[in-house]
Every structure is written in C-alpha cells, then in structure tokens.
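Next comes coords16.txt, a file with compact mmCIF, C-alpha atoms.
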```txt
# COMPACT_ATOMS: atom_id res chain seq x y z
CA MET A 621 19.17 -5.41 10.52
CA GLN A 622 20.14 -1.84 9.66
CA GLN A 623 21.05 0.18 6.61
CA THR A 624 24.77 0.65 6.11
CA THR A 625 27.25 1.99 3.58
CA ILE A 626 29.80 0.72 1.08
CA ALA A 627 32.95 2.73 0.39
CA PRO A 628 36.47 2.19 -0.99
CA GLY A 629 39.02 1.14 1.61
CA PRO A 630 42.65 2.29 1.93
CA ASP A 631 43.70 -0.26 -0.70
CA GLY A 632 40.98 0.83 -3.14
CA THR A 633 38.81 -2.25 -2.68
CA LEU A 634 35.17 -1.97 -1.63
CA GLN A 635 34.29 -2.31 2.05
CA LEU A 636 31.00 -2.86 3.86
CA ARG A 637 30.41 -1.21 7.21
CA VAL A 638 29.21 -3.73 9.81
CA GLY A 639 28.55 -1.93 13.08
CA ASP A 640 31.66 0.15 13.69
CA VAL A 641 33.91 -2.11 11.61
CA TRP A 642 34.62 -1.98 7.88
CA ARG A 643 34.78 -5.38 6.17
CA PRO A 644 36.33 -5.89 2.73
CA ILE A 645 33.85 -7.30 0.22
CA SER A 646 35.19 -10.44 -1.39
CA LEU A 647 34.09 -12.89 -4.08
CA ASP A 648 35.56 -16.38 -4.22
CA GLY A 649 38.39 -15.30 -1.93
CA HIS A 650 39.31 -12.18 -3.92
CA ARG A 651 38.63 -8.65 -2.78
CA VAL A 652 36.26 -6.66 -4.95
CA ASP A 653 37.45 -3.27 -6.17
CA ALA A 654 34.36 -2.59 -8.32
CA PHE A 655 31.16 -4.25 -9.43
CA ASN A 656 30.78 -5.25 -13.06
CA PRO A 657 30.26 -2.43 -15.57
CA GLY A 658 26.74 -1.07 -15.62
CA TRP A 659 25.97 -2.14 -12.03
CA ARG A 660 25.58 0.23 -9.07
CA VAL A 661 24.77 -0.17 -5.39
CA GLU A 662 21.21 0.86 -4.50
CA CYS A 663 21.25 -0.09 -0.84
CA ALA A 664 23.22 -2.12 1.69
CA LEU A 665 21.95 -3.82 4.85
CA ALA A 666 23.89 -5.40 7.70
CA GLY A 667 22.58 -7.78 10.35
CA ASP A 668 24.11 -9.91 13.07
CA LEU A 669 25.17 -12.70 10.68
CA LEU A 670 24.17 -11.55 7.23
CA GLY A 671 24.56 -8.54 4.97
CA ILE A 672 22.63 -7.79 1.79
CA ILE A 673 23.80 -5.59 -1.08
CA ALA A 674 21.07 -4.50 -3.49
CA LEU A 675 22.45 -3.84 -6.97
CA ARG A 676 20.80 -2.31 -10.04
CA HIS A 677 21.97 -2.61 -13.63
CA GLU A 678 21.59 0.27 -16.04
CA SER A 679 19.14 -1.95 -17.94
CA GLY A 680 16.89 -2.01 -14.86
CA GLU A 681 17.73 -5.55 -13.77
CA ALA A 682 18.07 -6.04 -10.00
CA ALA A 683 20.40 -8.39 -8.15
CA HIS A 684 21.19 -9.08 -4.51
CA TRP A 685 24.44 -10.20 -2.95
CA PHE A 686 24.28 -11.99 0.39
CA VAL A 687 27.51 -11.58 2.37
CA ASP A 688 28.65 -12.92 5.75
CA ARG A 689 30.07 -10.82 8.58
CA THR A 690 33.55 -10.93 7.01
CA GLY A 691 32.20 -9.38 3.81
CA ALA A 692 32.54 -12.56 1.78
CA ARG A 693 29.77 -13.15 -0.75
CA ILE A 694 27.77 -16.27 0.10
CA THR A 695 25.38 -16.31 -2.84
CA ASP A 696 23.17 -14.15 -5.02
CA ASN A 697 20.36 -16.70 -4.89
CA PRO A 698 18.02 -16.39 -1.87
CA ALA A 699 17.02 -20.06 -2.23
CA ALA A 700 20.65 -21.09 -1.75
CA LEU A 701 21.07 -19.41 1.65
CA MET A 702 22.31 -21.87 4.25
CA HIS A 703 20.14 -22.54 7.30
CA PRO A 704 21.99 -20.36 9.87
CA PHE A 705 21.81 -17.32 7.58
CA ARG A 706 18.20 -17.99 6.58
CA ARG A 707 17.24 -18.36 10.24
CA ALA A 708 18.96 -15.08 11.18
CA LEU A 709 17.24 -13.28 8.31
CA ALA A 710 13.87 -14.81 9.25
CA THR A 711 14.27 -13.44 12.77
CA ASP A 712 15.04 -9.95 11.47
CA LEU A 713 12.08 -10.06 9.07
CA ASP A 714 9.68 -11.34 11.72
CA ARG A 715 10.68 -8.50 14.07
CA ALA A 716 10.24 -5.92 11.31
CA ALA A 717 6.88 -7.31 10.21
CA ARG A 718 5.54 -7.33 13.76
CA ALA A 719 6.78 -3.77 14.29
CA LEU A 720 4.90 -2.65 11.18
CA LEU A 721 1.71 -4.49 12.11
CA LEU A 722 1.85 -3.11 15.64
CA GLY A 723 2.80 0.42 14.60
CA ARG A 724 5.95 0.23 16.72
CA PRO A 725 9.60 1.16 16.04
CA GLY A 726 11.76 -1.58 14.60
CA ALA A 727 11.36 -1.35 10.84
CA ALA A 728 13.13 1.94 10.08
CA TRP A 729 15.79 0.07 8.14
CA LEU A 730 13.19 -0.68 5.44
CA GLN A 731 12.68 3.02 4.66
CA ASP A 732 14.27 4.23 1.41
CA THR A 733 14.99 0.68 0.28
CA PRO A 734 14.30 -0.29 -3.34
CA ALA A 735 11.02 -2.07 -4.06
CA SER A 736 12.86 -5.04 -5.57
CA LEU A 737 14.72 -5.60 -2.29
CA ARG A 738 11.54 -5.39 -0.20
CA ALA A 739 9.79 -7.77 -2.59
CA MET A 740 12.62 -10.28 -2.20
CA LEU A 741 12.55 -9.95 1.58
CA ALA A 742 8.75 -10.33 1.65
CA ASP A 743 9.08 -13.56 -0.31
CA LEU A 744 11.56 -14.82 2.30
CA HIS A 745 9.31 -13.86 5.23
CA ALA A 746 8.38 -17.08 7.03
CA PRO A 747 6.87 -16.36 10.48
CA PRO A 748 5.80 -19.10 12.86
CA PRO A 749 2.33 -20.41 11.95
CA THR A 750 -0.52 -18.40 13.44
CA ARG A 751 -1.94 -20.13 16.50
CA ILE A 752 -5.71 -20.65 16.36
CA LEU A 753 -6.94 -20.13 19.93
CA SER A 754 -10.28 -20.91 21.52
CA ASP A 755 -9.39 -19.08 24.75
CA PRO A 756 -7.76 -15.65 24.48
CA PRO A 757 -4.36 -15.09 26.12
CA ALA A 758 -4.01 -12.56 28.94
CA PRO A 759 -4.80 -9.68 29.07
CA TYR A 760 -7.54 -10.26 26.45
CA ASP A 761 -11.00 -10.98 27.79
CA ALA A 762 -13.35 -13.56 26.24
CA ALA A 763 -16.52 -11.64 27.14
CA HIS A 764 -15.27 -8.41 25.55
CA ILE A 765 -14.17 -10.32 22.44
CA ALA A 766 -17.64 -11.86 22.19
CA THR A 767 -19.09 -8.35 22.36
CA LEU A 768 -16.73 -7.27 19.59
CA PHE A 769 -17.89 -10.16 17.39
CA ALA A 770 -21.51 -9.07 17.98
CA THR A 771 -20.81 -5.53 16.74
CA ASP A 772 -23.37 -4.35 14.18
CA HIS A 773 -21.07 -3.96 11.20
CA ALA A 774 -23.69 -2.26 9.03
CA ALA A 775 -24.08 0.42 11.70
CA ASN A 776 -20.29 0.64 11.94
CA THR A 777 -20.03 1.19 8.18
CA LEU A 778 -22.58 4.00 8.43
CA ARG A 779 -20.61 5.52 11.32
CA ALA A 780 -17.44 5.40 9.21
CA LEU A 781 -19.18 7.36 6.46
CA THR A 782 -20.69 9.95 8.79
CA HIS A 783 -17.97 10.26 11.45
CA GLY A 784 -14.80 9.05 9.71
CA HIS A 785 -14.26 6.02 11.92
CA MET A 786 -15.80 2.81 13.19
CA LEU A 787 -16.08 1.83 16.85
CA PHE A 788 -15.08 -1.51 18.31
CA PRO A 789 -14.98 -2.47 21.99
CA SER A 790 -11.52 -3.05 23.39
CA PRO A 791 -10.88 -6.81 23.51
CA ILE A 792 -9.18 -6.18 26.87
CA ASP A 793 -11.46 -3.91 28.89
CA GLY A 794 -14.45 -3.22 26.62
CA ARG A 795 -13.88 0.53 26.17
CA PRO A 796 -15.04 1.81 22.74
CA LEU A 797 -12.05 2.27 20.45
CA PRO A 798 -12.15 4.31 17.23
CA CYS A 799 -10.91 2.55 14.11
CA ALA A 800 -10.00 4.35 10.88
CA HIS A 801 -7.47 1.88 9.46
CA GLY A 802 -8.57 -0.92 7.18
CA ILE A 803 -6.95 -3.17 4.60
CA ALA A 804 -9.16 -4.97 2.07
CA TYR A 805 -7.56 -8.28 1.20
CA SER A 806 -10.46 -8.87 -1.19
CA PRO A 807 -14.03 -7.57 -1.60
CA PHE A 808 -15.01 -10.26 0.92
CA LEU A 809 -12.28 -9.94 3.57
CA PHE A 810 -11.26 -6.82 5.49
CA ALA A 811 -8.75 -6.37 8.30
CA TYR A 812 -9.55 -3.40 10.57
CA ARG A 813 -6.81 -2.29 12.91
CA ILE A 814 -7.65 -1.18 16.45
CA ASP A 815 -5.07 0.36 18.76
CA ASP A 816 -5.70 0.13 22.49
CA THR A 817 -3.04 2.59 23.64
CA ASP A 818 -4.11 2.42 27.30
CA ASN A 819 -3.30 -1.29 27.29
CA ASP A 820 -0.39 -1.10 24.80
CA ALA A 821 -2.16 -3.53 22.47
CA THR A 822 -2.98 -3.69 18.76
CA ALA A 823 -5.37 -6.11 17.10
CA TYR A 824 -6.98 -6.60 13.71
CA VAL A 825 -10.71 -7.27 13.42
CA ILE A 826 -11.26 -9.63 10.50
CA ALA A 827 -14.63 -8.92 8.86
CA THR A 828 -15.63 -11.32 6.12
CA GLN A 829 -18.22 -13.31 4.19
CA HIS A 830 -21.26 -11.92 2.35
CA ARG A 831 -22.55 -9.88 5.30
CA CYS A 832 -19.01 -8.77 6.13
CA GLU A 833 -19.37 -9.30 9.88
CA PRO A 834 -16.55 -9.47 12.46
CA ARG A 835 -15.55 -13.12 12.40
CA ALA A 836 -12.10 -13.18 14.00
CA LEU A 837 -9.51 -11.18 15.89
CA PHE A 838 -5.85 -11.33 14.85
CA LEU A 839 -3.28 -10.53 17.55
CA PRO A 840 0.05 -9.77 15.80
CA ARG A 841 2.15 -9.56 18.95
CA GLU A 842 0.98 -12.99 20.08
CA GLY A 843 0.84 -14.42 16.55
CA ALA A 844 -2.65 -15.71 17.33
CA LEU A 845 -6.11 -15.74 15.78
CA ILE A 846 -9.29 -15.96 17.84
CA ALA A 847 -12.25 -16.90 15.66
CA ARG A 848 -15.94 -16.56 16.43
CA ARG A 849 -16.44 -20.19 15.39
CA ASP A 850 -14.23 -22.98 14.06
CA ASP A 851 -15.72 -22.67 10.57
CA ASP A 852 -14.84 -18.95 10.55
CA ALA A 853 -11.16 -19.77 11.14
CA ALA A 854 -11.32 -22.35 8.33
CA PHE A 855 -12.98 -19.87 5.95
CA ILE A 856 -10.41 -17.17 6.67
CA GLY A 857 -7.54 -19.61 6.11
CA GLU A 858 -9.02 -20.82 2.82
CA HIS A 859 -9.74 -17.29 1.66
CA PHE A 860 -6.21 -16.04 2.32
CA GLY A 861 -4.74 -19.17 0.80
CA THR A 862 -1.99 -18.79 3.38
CA ASP A 863 -1.43 -18.05 7.02
CA ILE A 864 -2.91 -14.66 7.97
CA ALA A 865 0.24 -13.55 9.80
CA ALA A 866 2.34 -14.56 6.81
CA TRP A 867 0.19 -12.60 4.36
CA LEU A 868 -0.20 -9.45 6.47
CA GLY A 869 3.46 -9.49 7.49
CA ALA A 870 4.73 -10.03 3.95
CA PHE A 871 2.40 -7.34 2.65
CA ALA A 872 3.63 -4.83 5.24
CA LEU A 873 7.27 -5.67 4.45
CA ARG A 874 6.74 -5.39 0.70
CA HIS A 875 5.10 -1.97 1.06
CA ALA A 876 6.81 -0.75 4.25
CA PRO A 877 7.15 2.98 3.36
CA ASP A 878 3.58 3.15 2.04
CA TRP A 879 2.31 1.15 5.01
CA GLN A 880 3.76 3.65 7.47
CA ALA A 881 2.50 6.64 5.46
CA TRP A 882 -0.98 5.07 5.25
CA TYR A 883 -1.09 4.57 9.00
CA ALA A 884 -0.03 8.14 9.70
CA ALA A 885 -2.36 9.79 7.17
CA THR A 886 -5.59 11.48 8.30
CA PRO A 887 -8.26 11.59 7.22
CA ARG A 888 -8.51 8.52 5.02
CA LYS A 889 -10.88 8.47 2.10
CA PRO A 890 -13.81 6.04 2.51
CA LEU A 891 -14.34 3.56 -0.31
CA VAL A 892 -17.32 1.24 -0.53
CA VAL A 893 -16.43 -1.99 -2.34
CA THR A 894 -18.86 -4.33 -4.10
CA ARG A 895 -18.25 -7.51 -6.07
CA GLU A 896 -21.16 -9.97 -5.74
CA THR A 897 -21.57 -12.39 -8.63
CA HIS A 898 -24.45 -14.22 -6.90
CA ILE A 899 -27.77 -12.62 -7.83
CA GLY A 900 -29.32 -13.31 -4.40
CA HIS A 901 -26.42 -12.03 -2.32
CA HIS A 902 -26.12 -8.99 -4.59
CA LEU A 903 -29.76 -8.14 -3.84
CA TRP A 904 -29.99 -9.17 -0.20
CA ASN A 905 -26.57 -8.01 0.97
CA GLU A 906 -25.10 -5.39 -1.34
CA LEU A 907 -28.08 -3.51 -2.79
CA SER A 908 -30.06 -3.52 0.46
CA GLY A 909 -26.89 -2.49 2.30
CA LEU A 910 -26.39 0.44 -0.07
CA GLN A 911 -30.04 1.41 0.36
CA ASP A 912 -29.60 1.47 4.14
CA LEU A 913 -26.52 3.69 3.82
CA LEU A 914 -28.14 6.11 1.39
CA ALA A 915 -31.21 6.39 3.62
CA ASN A 916 -28.99 8.49 5.90
CA PRO A 917 -29.32 12.18 4.89
CA THR A 918 -25.62 12.87 5.44
CA VAL A 919 -24.53 9.97 3.26
CA ALA A 920 -27.15 10.77 0.61
CA ALA A 921 -25.96 14.37 0.44
CA HIS A 922 -22.30 13.32 0.12
CA PRO A 923 -22.25 9.76 -1.26
CA PRO A 924 -19.01 7.83 -0.91
CA GLU A 925 -17.04 6.57 -3.87
CA ILE A 926 -18.07 3.06 -4.93
CA LEU A 927 -15.68 0.56 -6.53
CA VAL A 928 -17.37 -2.30 -8.38
CA CYS A 929 -14.95 -5.20 -8.77
CA ASN A 930 -15.41 -7.89 -11.42
CA HIS A 931 -18.04 -5.62 -12.98
CA THR A 932 -18.65 -7.87 -15.97
CA LEU A 933 -20.26 -10.40 -13.62
CA SER A 934 -21.59 -7.99 -10.99
CA GLU A 935 -24.54 -5.56 -11.07
CA MET A 936 -27.00 -8.22 -12.23
CA TRP A 937 -29.93 -5.91 -11.41
CA GLY A 938 -28.48 -3.02 -13.39
CA PRO A 939 -25.81 -0.30 -12.94
CA LEU A 940 -25.68 1.02 -9.38
CA GLU A 941 -26.17 4.63 -10.47
CA THR A 942 -29.35 3.60 -12.31
CA ILE A 943 -30.76 1.96 -9.18
CA PHE A 944 -29.49 4.78 -6.95
CA PRO A 945 -29.39 8.03 -8.98
CA GLU A 946 -27.66 9.83 -6.10
CA LEU A 947 -24.54 7.74 -6.93
CA ALA A 948 -24.14 9.38 -10.35
CA GLY A 949 -20.47 10.12 -10.91
CA ARG A 950 -19.45 8.21 -7.77
CA VAL A 951 -19.14 4.70 -9.21
CA SER A 952 -15.98 3.31 -10.78
CA ARG A 953 -15.40 -0.18 -12.09
CA GLY A 954 -12.11 -2.02 -11.82
CA GLY A 955 -10.55 -5.45 -11.78
CA ASP A 956 -11.42 -8.49 -9.72
CA GLY A 957 -10.39 -6.95 -6.40
CA GLY A 958 -6.99 -8.61 -6.25
CA ASP A 959 -5.24 -5.24 -5.94
CA LEU A 960 -7.50 -3.79 -3.24
CA ALA A 961 -4.84 -3.94 -0.55
CA GLU A 962 -2.45 -1.87 -2.66
CA ILE A 963 -5.23 0.61 -3.46
CA CYS A 964 -5.86 1.07 0.28
CA LEU A 965 -2.23 2.00 0.87
CA HIS A 966 -1.43 4.07 -2.20
CA GLN A 967 -4.63 6.10 -2.13
CA GLN A 968 -5.00 6.36 1.69
CA ILE A 969 -8.29 4.47 1.59
CA PHE A 970 -10.58 3.33 4.40
CA PRO A 971 -12.42 0.40 2.75
CA MET A 972 -15.82 -1.02 3.65
CA ARG A 973 -18.50 -3.23 2.20
CA PRO A 974 -22.26 -2.52 2.16
CA SER A 975 -23.96 -5.14 4.26
CA ALA A 976 -27.54 -6.04 5.08
CA SER A 977 -29.46 -9.25 5.58
CA ARG A 978 -32.81 -8.24 4.18
CA VAL A 979 -34.45 -6.24 1.45
CA PRO A 980 -36.27 -3.27 3.03
CA ALA A 981 -39.86 -2.79 1.86
```
Let's see the structure in the file written out as structure tokens.
Amino acid sequence: MQQTTIAPGPDGTLQLRVGDVWRPISLDGHRVDAFNPGWRVECALAGDLLGIIALRHESGEAAHWFVDRTGARITDNPAALMHPFRRALATDLDRAARALLLGRPGAAWLQDTPASLRAMLADLHAPPPTRILSDPPAPYDAAHIATLFATDHAANTLRALTHGHMLFPSPIDGRPLPCAHGIAYSPFLFAYRIDDTDNDATAYVIATQHRCEPRALFLPREGALIARRDDDAAFIGEHFGTDIAAWLGAFALRHAPDWQAWYAATPRKPLVVTRETHIGHHLWNELSGLQDLLANPTVAAHPPEILVCNHTLSEMWGPLETIFPELAGRVSRGGDGGDLAEICLHQQIFPMRPSASRVPA
C-alpha cells in the first residue's frame, strides 16, 4: 500500500494513480467528474488489488471509498468488502503493523493520513493469532529468556528513574540491553520494547500483575508469545481481552505518526502509575514500592510524576503526598487507566509501576 493522488483526466473526470497508471474513478459504471457537494478528498491509497479514498464532508463527517485496480468503486462499507480484497488489505495492514512494532521501514504510507482512516484500518487489522510457545524459536535462547524473566523489576524501575532506562538481558545472547520504551496497556500491564540491534531482533517484555514482574516475551516478527508459566499466558490474554499481537498492532496502526515520534523521542518522561483498589496490595505492593524508590537520594531529590488512576477507589491509606511529603505537587489523579497507552505516546512517557512484596520496617 502507498499514498497516491487523484487528479482530473483529459476528459475532466477524476482519475486515481495506481503505480504509473492513471485509472478513471467510476461509480456504478459511470465515470466520476466530482464528488458530491461539500465533500473533499483527504487522502488516497493504492495497493496491489485495492485502493482507498478518504473523504471528508464540510460538516466533519468522514467516508471511505474502496475501489478496485480499474478505479471502480466496490463499496463504502468496510464490512461489505469481498474476501479477495479483504485478504489483500489484511496482508498490507499486517506488514505495516509489524514494521511499526519492529521499528522498521514499511509503514511510511500511514504518515499524514487522517485519524479517521487509520481508525478504520485499525479496526480491519486481523493478524494471524499469536502463537503461544513453550520453546523459543531460533535464534532465541531459553536460558537467557529465563534470566530475563528473573529480572528484578523493582530494581529496574529504580534504574529507569536514576539512569533513564531499564536493563534487560538479550533473549538471544544474554548481553544487557537498555530499554527506554514502554507502553502501559493498563496500570497492571506494561509492554517494554527491547531492541537487539546486533542480532537484528526486537521483542516486548510484558510486565504484569500486582508486583508488575516480567511474565512474558512477545516476538512481533515471529508473531509469538513466550510466557513464564501457562497461567501467565492465560492472564495476559484475559487482561488484553484480545490477542496481544492484534491489540499492539491495531494500536500502532491507529496512532502510527505518534508511535513513530514516540519511538524516536529522547529522553522520555518517566511516569509512575498506581491504581490499586485492594487495600492489601495497595500497602504491600504500591506503597512499599514507592517507599523503596524514595529511599534513593536521587529519586527523593527529584521525585517522578505520579498518576493515580481510579482515584476514588485508590489511596485507601490516605493521599500519597500525605504519606510521602516529598511527592507534594508531583501527584495527579485521572481516569481508570484506560487511556494510558495514548498518554504514553502523546506525552512521550516512559511508564512504570511501583512494586515491592513486603512492607519495610
């Protein structure tokens, strides 16, 4: 798929450029010389079998024409696309989503496209189901992945606040790899991206549950998930409510320009996220985790911003800045955490969750 142009042809009717050939746009067998009054072309895309014309009405309403390689309109309803066209579009979207997740070329055609078009394409994204693997595919190494799962995530969170990045061992050769890219799907599930440039590999460390420990490794190129245990894979699937590749891919497609800007931006602003509504976990995991972080002189001198999600049910032991006076002016309170992923992109955020398994004396 690539961006293309629409222009009047020699006979005055509109034509769509497909490769090096101009195709007359037609509707019900008749060539189109103009769109209906009030409508304008926002963007046009052309693929091997399918073209898409994004239209915008002066009222703000969006519409999309799907055309074949001859320029004939097939439909304006994505659900009505016939199987060959849907399959061709699915292939283009899967390639673009993988390119975004891997940080590789292949999704440039999504730049400067209207948000309504990307939202429609994200809804149509239907990658093959993620394979749940017990044994990693080559060149990934089971022993190095086990070491990655054993990473002390509380120490990694502290490192992110003091050094600007976490460290994870390469799942291929065990070398320490810096990580400064994270997407918070929710206050309980984070995807941290590690790039092993020496081995031309990219993976996402999935940290989740109350202690927010590394529980799985998502391999976008292979479309595979390696979980620490079977119940971890089940928890991640239930938490996403969908296939992890489908959610991450659709999210990257929907926000493609912001995704690429977020990946390129340095440094990213750390954000500590809390949301516990369970009084025990709030004390044992979140509050003790915050205490551990603030015990570090560097963090105490420059506390990170804290976002309390679902604040009407959180903070059962009192406001965080009352318990930790050094957090005065650093705590904000928002929604339920459903928009965390967008916050990470739009505000160039590196998200993390305070985590500990005990209450220090």
- Near Thr633 of chain A, counting all atoms listed in the file, which residues have an atom at most 8 Å away, once you skip same-chain residues fewer than 4 positions from it, shown as a PyMOL selection string? chain A and resi 628-629+644-645+651-654
- Polymer residues at most 10 Å from Leu741 of chain A, only C-alpha atoms, same-chain spacing of 6 or more positions, as a ChimeraX atom specification: /A:698,709-710,713,735,870,873-874
Restrict the selected residues to C-alpha atoms and save them as a CSV table (one decimal), keeping the file's coordinate frame.
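Produced file selection32.csv, reproduced below:
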```csv
chain,number,residue,atom,x,y,z
A,698,PRO,CA,18.0,-16.4,-1.9
A,709,LEU,CA,17.2,-13.3,8.3
A,710,ALA,CA,13.9,-14.8,9.2
A,713,LEU,CA,12.1,-10.1,9.1
A,735,ALA,CA,11.0,-2.1,-4.1
A,870,ALA,CA,4.7,-10.0,4.0
A,873,LEU,CA,7.3,-5.7,4.4
A,874,ARG,CA,6.7,-5.4,0.7
```
Using all atoms listed in the file, what table do you get, as a tab-separated table, when you list each residue of segment 876-901 of chain A with an atom no more than 6 Å from segment 956-977 of chain A, its nearest pair of atoms, and their distance in Å rounded to one decimal, rows by chain then rising number?
```
residue	atom	partner	partner_atom	distance
A:Trp882	CA	A:Leu965	CA	5.5
A:Arg888	CA	A:Gln968	CA	5.3
A:Lys889	CA	A:Ile969	CA	4.8
A:Pro890	CA	A:Phe970	CA	4.6
A:Leu891	CA	A:Pro971	CA	4.8
A:Val892	CA	A:Met972	CA	5.0
A:Val893	CA	A:Arg973	CA	5.1
```
As a PDB file with C-alpha atoms, in the coordinates of the input, please: the residues near His902 of chain A (cut-off 8 Å, only C-alpha atoms, same-chain neighbours under 6 positions excluded).
```pdb
ATOM      1  CA  GLU A 896     -21.160  -9.970  -5.740  1.00  0.00           C
ATOM      2  CA  SER A 934     -21.590  -7.990 -10.990  1.00  0.00           C
ATOM      3  CA  GLU A 935     -24.540  -5.560 -11.070  1.00  0.00           C
ATOM      4  CA  MET A 936     -27.000  -8.220 -12.230  1.00  0.00           C
TER       5      MET A 936
END
```
- What is the atom CA of His898 of chain A-atom CA of Trp937 of chain A distance in Å, reported with one decimal? 10.9 Å
- Item | Pick from A:Gly954, A:Gly671, A:Pro789, A:Pro747, whichever lies nearest to Ala763 of chain A using only C-alpha atoms | A:Pro789
- Message: Ranking A:Cys929, A:Thr690, A:Ala881, A:Glu941 by minimum distance to Pro807 of chain A and counting all atoms listed in the file, which one comes first?
- Response: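 Smallest distance to Pro807 of chain A is found for A:Cys929.
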Reconstruct all heavy atoms of segment 674-682 of chain A from the incomplete input and present them as a short mmCIF file (atom, residue, chain, number, x, y, z; two decimals), keeping the file's coordinate frame.
```cif
data_model
loop_
_atom_site.label_atom_id
_atom_site.label_comp_id
_atom_site.auth_asym_id
_atom_site.auth_seq_id
_atom_site.Cartn_x
_atom_site.Cartn_y
_atom_site.Cartn_z
N ALA A 674 22.03 -4.59 -2.39
CA ALA A 674 21.07 -4.50 -3.49
C ALA A 674 21.74 -3.76 -4.64
O ALA A 674 22.19 -2.63 -4.48
CB ALA A 674 19.81 -3.77 -3.04
N LEU A 675 21.79 -4.39 -5.79
CA LEU A 675 22.45 -3.84 -6.97
C LEU A 675 21.42 -3.61 -8.07
O LEU A 675 20.41 -4.32 -8.17
CB LEU A 675 23.52 -4.80 -7.49
CG LEU A 675 24.63 -5.18 -6.50
CD1 LEU A 675 25.45 -6.34 -7.04
CD2 LEU A 675 25.52 -3.97 -6.22
N ARG A 676 21.68 -2.61 -8.91
CA ARG A 676 20.80 -2.31 -10.04
C ARG A 676 21.64 -2.08 -11.29
O ARG A 676 22.59 -1.30 -11.28
CB ARG A 676 19.98 -1.06 -9.74
CG ARG A 676 19.05 -0.62 -10.85
CD ARG A 676 17.83 -1.49 -10.98
NE ARG A 676 17.02 -1.45 -9.77
CZ ARG A 676 15.88 -2.10 -9.62
NH1 ARG A 676 15.43 -2.86 -10.60
NH2 ARG A 676 15.22 -2.03 -8.47
N HIS A 677 21.27 -2.79 -12.37
CA HIS A 677 21.97 -2.61 -13.63
C HIS A 677 21.34 -1.46 -14.41
O HIS A 677 20.16 -1.13 -14.21
CB HIS A 677 21.89 -3.91 -14.45
CG HIS A 677 22.80 -3.91 -15.64
ND1 HIS A 677 22.35 -3.62 -16.92
CD2 HIS A 677 24.14 -4.15 -15.75
CE1 HIS A 677 23.36 -3.68 -17.77
NE2 HIS A 677 24.46 -4.00 -17.10
N GLU A 678 22.10 -0.85 -15.26
CA GLU A 678 21.59 0.27 -16.04
C GLU A 678 20.41 -0.14 -16.92
O GLU A 678 19.62 0.70 -17.36
CB GLU A 678 22.69 0.90 -16.88
CG GLU A 678 23.35 -0.06 -17.85
CD GLU A 678 24.60 0.52 -18.49
OE1 GLU A 678 25.11 1.54 -18.00
OE2 GLU A 678 25.05 -0.06 -19.50
N SER A 679 20.28 -1.45 -17.17
CA SER A 679 19.14 -1.95 -17.94
C SER A 679 17.87 -2.04 -17.10
O SER A 679 16.79 -2.27 -17.64
CB SER A 679 19.46 -3.33 -18.51
OG SER A 679 19.58 -4.29 -17.45
N GLY A 680 18.01 -1.89 -15.78
CA GLY A 680 16.89 -2.01 -14.86
C GLY A 680 16.87 -3.31 -14.09
O GLY A 680 16.10 -3.45 -13.13
N GLU A 681 17.69 -4.26 -14.47
CA GLU A 681 17.73 -5.55 -13.77
C GLU A 681 18.25 -5.36 -12.34
O GLU A 681 19.17 -4.58 -12.11
CB GLU A 681 18.62 -6.53 -14.53
CG GLU A 681 18.74 -7.90 -13.88
CD GLU A 681 19.72 -8.81 -14.60
OE1 GLU A 681 20.28 -8.38 -15.64
OE2 GLU A 681 19.94 -9.94 -14.12
N ALA A 682 17.65 -6.10 -11.40
CA ALA A 682 18.07 -6.04 -10.00
C ALA A 682 18.78 -7.34 -9.61
O ALA A 682 18.47 -8.41 -10.15
CB ALA A 682 16.87 -5.80 -9.09
#
```
